[in-house]
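**Student:** This is run-v2.pdb, which holds PDB, C-alpha atoms:
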ATOM      1  CA  MET A   1       0.000   0.000   0.000
ATOM      2  CA  LYS A   2       1.426   3.342  -1.062
ATOM      3  CA  SER A   3       1.727   6.117   1.457
ATOM      4  CA  PHE A   4      -0.460   9.199   1.211
ATOM      5  CA  ILE A   5       2.459  11.393   0.163
ATOM      6  CA  LYS A   6       3.506   9.061  -2.651
ATOM      7  CA  ARG A   7      -0.071   8.814  -3.939
ATOM      8  CA  HIS A   8      -0.629  12.581  -3.882
ATOM      9  CA  LYS A   9       2.860  13.843  -4.722
ATOM     10  CA  LEU A  10       1.697  16.060  -7.624
ATOM     11  CA  GLU A  11      -1.145  17.661  -5.650
ATOM     12  CA  ILE A  12       1.117  18.329  -2.661
ATOM     13  CA  THR A  13       3.862  19.821  -4.854
ATOM     14  CA  ILE A  14       1.432  22.125  -6.677
ATOM     15  CA  SER A  15      -0.149  23.200  -3.381
ATOM     16  CA  ILE A  16       3.224  24.046  -1.836
ATOM     17  CA  VAL A  17       4.291  26.047  -4.900
ATOM     18  CA  LEU A  18       1.009  27.978  -4.914
ATOM     19  CA  VAL A  19       1.232  28.742  -1.196
ATOM     20  CA  LEU A  20       4.806  29.998  -1.564
ATOM     21  CA  TYR A  21       3.766  32.093  -4.578
ATOM     22  CA  VAL A  22       0.932  33.720  -2.616
ATOM     23  CA  ILE A  23       3.202  34.387   0.374
ATOM     24  CA  ILE A  24       5.849  36.004  -1.842
ATOM     25  CA  LEU A  25       3.234  38.185  -3.550
ATOM     26  CA  GLN A  26       1.802  39.277  -0.197
ATOM     27  CA  VAL A  27       5.235  40.158   1.193
ATOM     28  CA  THR A  28       6.316  42.098  -1.901
ATOM     29  CA  LYS A  29       2.825  43.610  -2.500
ATOM     30  CA  VAL A  30       3.074  42.592  -6.162
ATOM     31  CA  TYR A  31      -0.368  41.112  -6.685
ATOM     32  CA  SER A  32      -0.010  40.488 -10.407
ATOM     33  CA  PRO A  33       3.513  40.128 -11.779
ATOM     34  CA  ILE A  34       2.298  40.636 -15.360
ATOM     35  CA  THR A  35       0.570  43.899 -14.453
ATOM     36  CA  TYR A  36       3.512  45.002 -12.303
ATOM     37  CA  PHE A  37       6.246  44.339 -14.873
ATOM     38  CA  LEU A  38       4.411  44.888 -18.183
ATOM     39  CA  GLY A  39       1.627  47.300 -17.241
ATOM     40  CA  ILE A  40      -1.013  45.042 -18.813
ATOM     41  CA  GLU A  41      -4.084  44.124 -16.799
ATOM     42  CA  VAL A  42      -4.664  40.386 -16.827
ATOM     43  CA  PRO A  43      -8.243  39.195 -17.368
ATOM     44  CA  THR A  44      -8.565  38.044 -13.761
ATOM     45  CA  THR A  45      -7.593  41.389 -12.231
ATOM     46  CA  GLY A  46     -10.309  42.460  -9.816
ATOM     47  CA  THR A  47     -11.922  39.049  -9.411
ATOM     48  CA  THR A  48     -11.398  38.898  -5.640
ATOM     49  CA  ARG A  49     -12.587  42.475  -5.186
ATOM     50  CA  ALA A  50     -15.628  41.700  -7.333
ATOM     51  CA  TRP A  51     -16.540  38.721  -5.147
ATOM     52  CA  LEU A  52     -16.147  40.832  -2.019
ATOM     53  CA  GLN A  53     -18.459  43.473  -3.501
ATOM     54  CA  LEU A  54     -21.031  40.814  -4.423
ATOM     55  CA  ILE A  55     -20.950  39.380  -0.902
ATOM     56  CA  GLN A  56     -21.615  42.885   0.438
ATOM     57  CA  GLY A  57     -24.567  43.232  -1.925
ATOM     58  CA  ARG A  58     -22.963  45.748  -4.279
ATOM     59  CA  ILE A  59     -23.699  44.015  -7.568
ATOM     60  CA  ARG A  60     -22.971  46.966  -9.863
ATOM     61  CA  GLU A  61     -19.587  47.581  -8.248
ATOM     62  CA  ALA A  62     -18.768  43.872  -8.501
ATOM     63  CA  PHE A  63     -19.226  43.901 -12.271
ATOM     64  CA  GLN A  64     -17.172  47.102 -12.524
ATOM     65  CA  PHE A  65     -14.175  45.354 -10.936
ATOM     66  CA  ASN A  66     -14.403  42.331 -13.237
ATOM     67  CA  ALA A  67     -17.325  41.463 -15.477
ATOM     68  CA  LEU A  68     -16.385  37.769 -15.648
ATOM     69  CA  PHE A  69     -15.908  37.096 -11.946
ATOM     70  CA  LEU A  70     -18.849  34.675 -11.889
ATOM     71  CA  LEU A  71     -16.955  32.328 -14.222
ATOM     72  CA  ALA A  72     -14.072  31.901 -11.760
ATOM     73  CA  PRO A  73     -15.595  28.997  -9.776
ATOM     74  CA  ALA A  74     -16.555  27.174 -12.986
ATOM     75  CA  ILE A  75     -13.007  27.546 -14.328
ATOM     76  CA  ALA A  76     -11.491  26.360 -11.043
ATOM     77  CA  PHE A  77     -13.804  23.344 -10.980
ATOM     78  CA  ALA A  78     -13.120  22.448 -14.615
ATOM     79  CA  TYR A  79      -9.370  22.786 -14.104
ATOM     80  CA  TYR A  80      -9.491  20.655 -10.956
ATOM     81  CA  GLN A  81     -11.443  17.946 -12.762
ATOM     82  CA  LEU A  82      -9.035  17.958 -15.678
ATOM     83  CA  ALA A  83      -5.751  18.261 -13.785
ATOM     84  CA  PHE A  84      -6.360  16.122 -10.714
ATOM     85  CA  LYS A  85      -9.174  13.764 -11.652
ATOM     86  CA  ASN A  86      -8.063  13.338 -15.281
ATOM     87  CA  ASN A  87     -11.655  13.910 -16.363
ATOM     88  CA  LYS A  88     -11.239  14.697 -20.065
ATOM     89  CA  ARG A  89     -14.821  15.899 -20.593
ATOM     90  CA  TYR A  90     -13.883  19.225 -18.974
ATOM     91  CA  THR A  91     -11.277  19.996 -21.663
ATOM     92  CA  ILE A  92     -13.668  21.770 -24.054
ATOM     93  CA  PRO A  93     -15.376  23.898 -21.340
ATOM     94  CA  LEU A  94     -11.936  24.914 -20.042
ATOM     95  CA  ILE A  95     -10.830  25.930 -23.544
ATOM     96  CA  ILE A  96     -14.051  27.923 -24.024
ATOM     97  CA  PHE A  97     -13.653  29.676 -20.647
ATOM     98  CA  SER A  98     -10.025  30.474 -21.462
ATOM     99  CA  PHE A  99     -10.988  31.904 -24.841
ATOM    100  CA  ILE A 100     -13.673  34.083 -23.225
ATOM    101  CA  TYR A 101     -11.133  35.390 -20.704
ATOM    102  CA  LEU A 102      -8.600  36.017 -23.473
ATOM    103  CA  ILE A 103     -11.073  38.128 -25.482
ATOM    104  CA  TYR A 104     -12.137  39.949 -22.304
ATOM    105  CA  GLY A 105      -8.489  40.682 -21.456
ATOM    106  CA  ILE A 106      -7.792  42.061 -24.912
ATOM    107  CA  ILE A 107     -10.881  44.298 -24.852
ATOM    108  CA  ARG A 108     -10.100  45.434 -21.307
ATOM    109  CA  ASN A 109      -6.612  46.615 -22.280
ATOM    110  CA  LEU A 110      -7.595  48.545 -25.411
TER     111      LEU A 110
END
Any chance you could give the structure as structure tokens?

**Tutor:**
Amino acid sequence: MKSFIKRHKLEITISIVLVLYVIILQVTKVYSPITYFLGIEVPTTGTTRAWLQLIQGRIREAFQFNALFLLAPAIAFAYYQLAFKNNKRYTIPLIIFSFIYLIYGIIRNL
């Protein structure tokens, strides 16, 4: 019987890298390296602030921060299913969501 760590090595490695990335960003106050270094807003900029506004009942302000913030849970779920559960039926939805975010990011930066 394999140990838990051996069975979940990929998930543990990805989780550690993501936690370290978030800690580094919080310490340096660089919340988006692409925006910081290139001056281009990424399509996900404002998603957290939009969710906070929605939770507070400020729907209009939420959509002003990021119009696609409601897609974030669907993208996270589809990515999780594809990456960790190897569920191939989420490939097409993930490609569609990514394309929508790409177009939104281009329009947002014009």

**Student:** Find the distance between CA of Asn66 in chain A and CA of Tyr104 in chain A and write it in Å to one decimal.

**Tutor:**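 We find that CA of Asn66 in chain A and CA of Tyr104 in chain A lie 9.6 Å from each other.
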
**Student:** Rank A:Ile40, A:Ile75, A:Leu82, A:Ile55 by their smallest atom-to-atom distance to Ile107 in chain A, using all atoms listed in the file, and report the top residue only.

**Tutor:**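 Of all the options, A:Ile40 lies closest to Ile107 in chain A.
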
**Student:** When the PyMOL selection byres ((chain A and resi 109) around 10) is applied to the structure above, which residues does it catch, written out as a list in words?

**Tutor:**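 Applying the PyMOL selection byres ((chain A and resi 109) around 10) to the structure shown produces Gly39, Ile40, Glu41, Val42, Pro43, Tyr104, Gly105, Ile106, Ile107, Arg108 and Leu110 of chain A.
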
**Student:** Provide the CA of Arg58 in chain A to CA of Ala74 in chain A distance in Å, to one decimal place.

**Tutor:** 21.5 Å

**Student:** Return the padded bounding box of range 94-98 of chain A as AutoDock Vina command-line options: axis-aligned, built from all atoms listed in the file, 8 Å added on each side, with centre and edge lengths in Å to one decimal.

**Tutor:**
--center_x -12.0 --center_y 27.7 --center_z -22.0 --size_x 20.0 --size_y 21.6 --size_z 20.0

**Student:** Could you please determine the separation between CA of Leu25 in chain A and CA of Ile96 in chain A in Å, to one decimal place?

**Tutor:**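 If I compute the distance from CA of Leu25 in chain A to CA of Ile96 in chain A, I get 28.7 Å.
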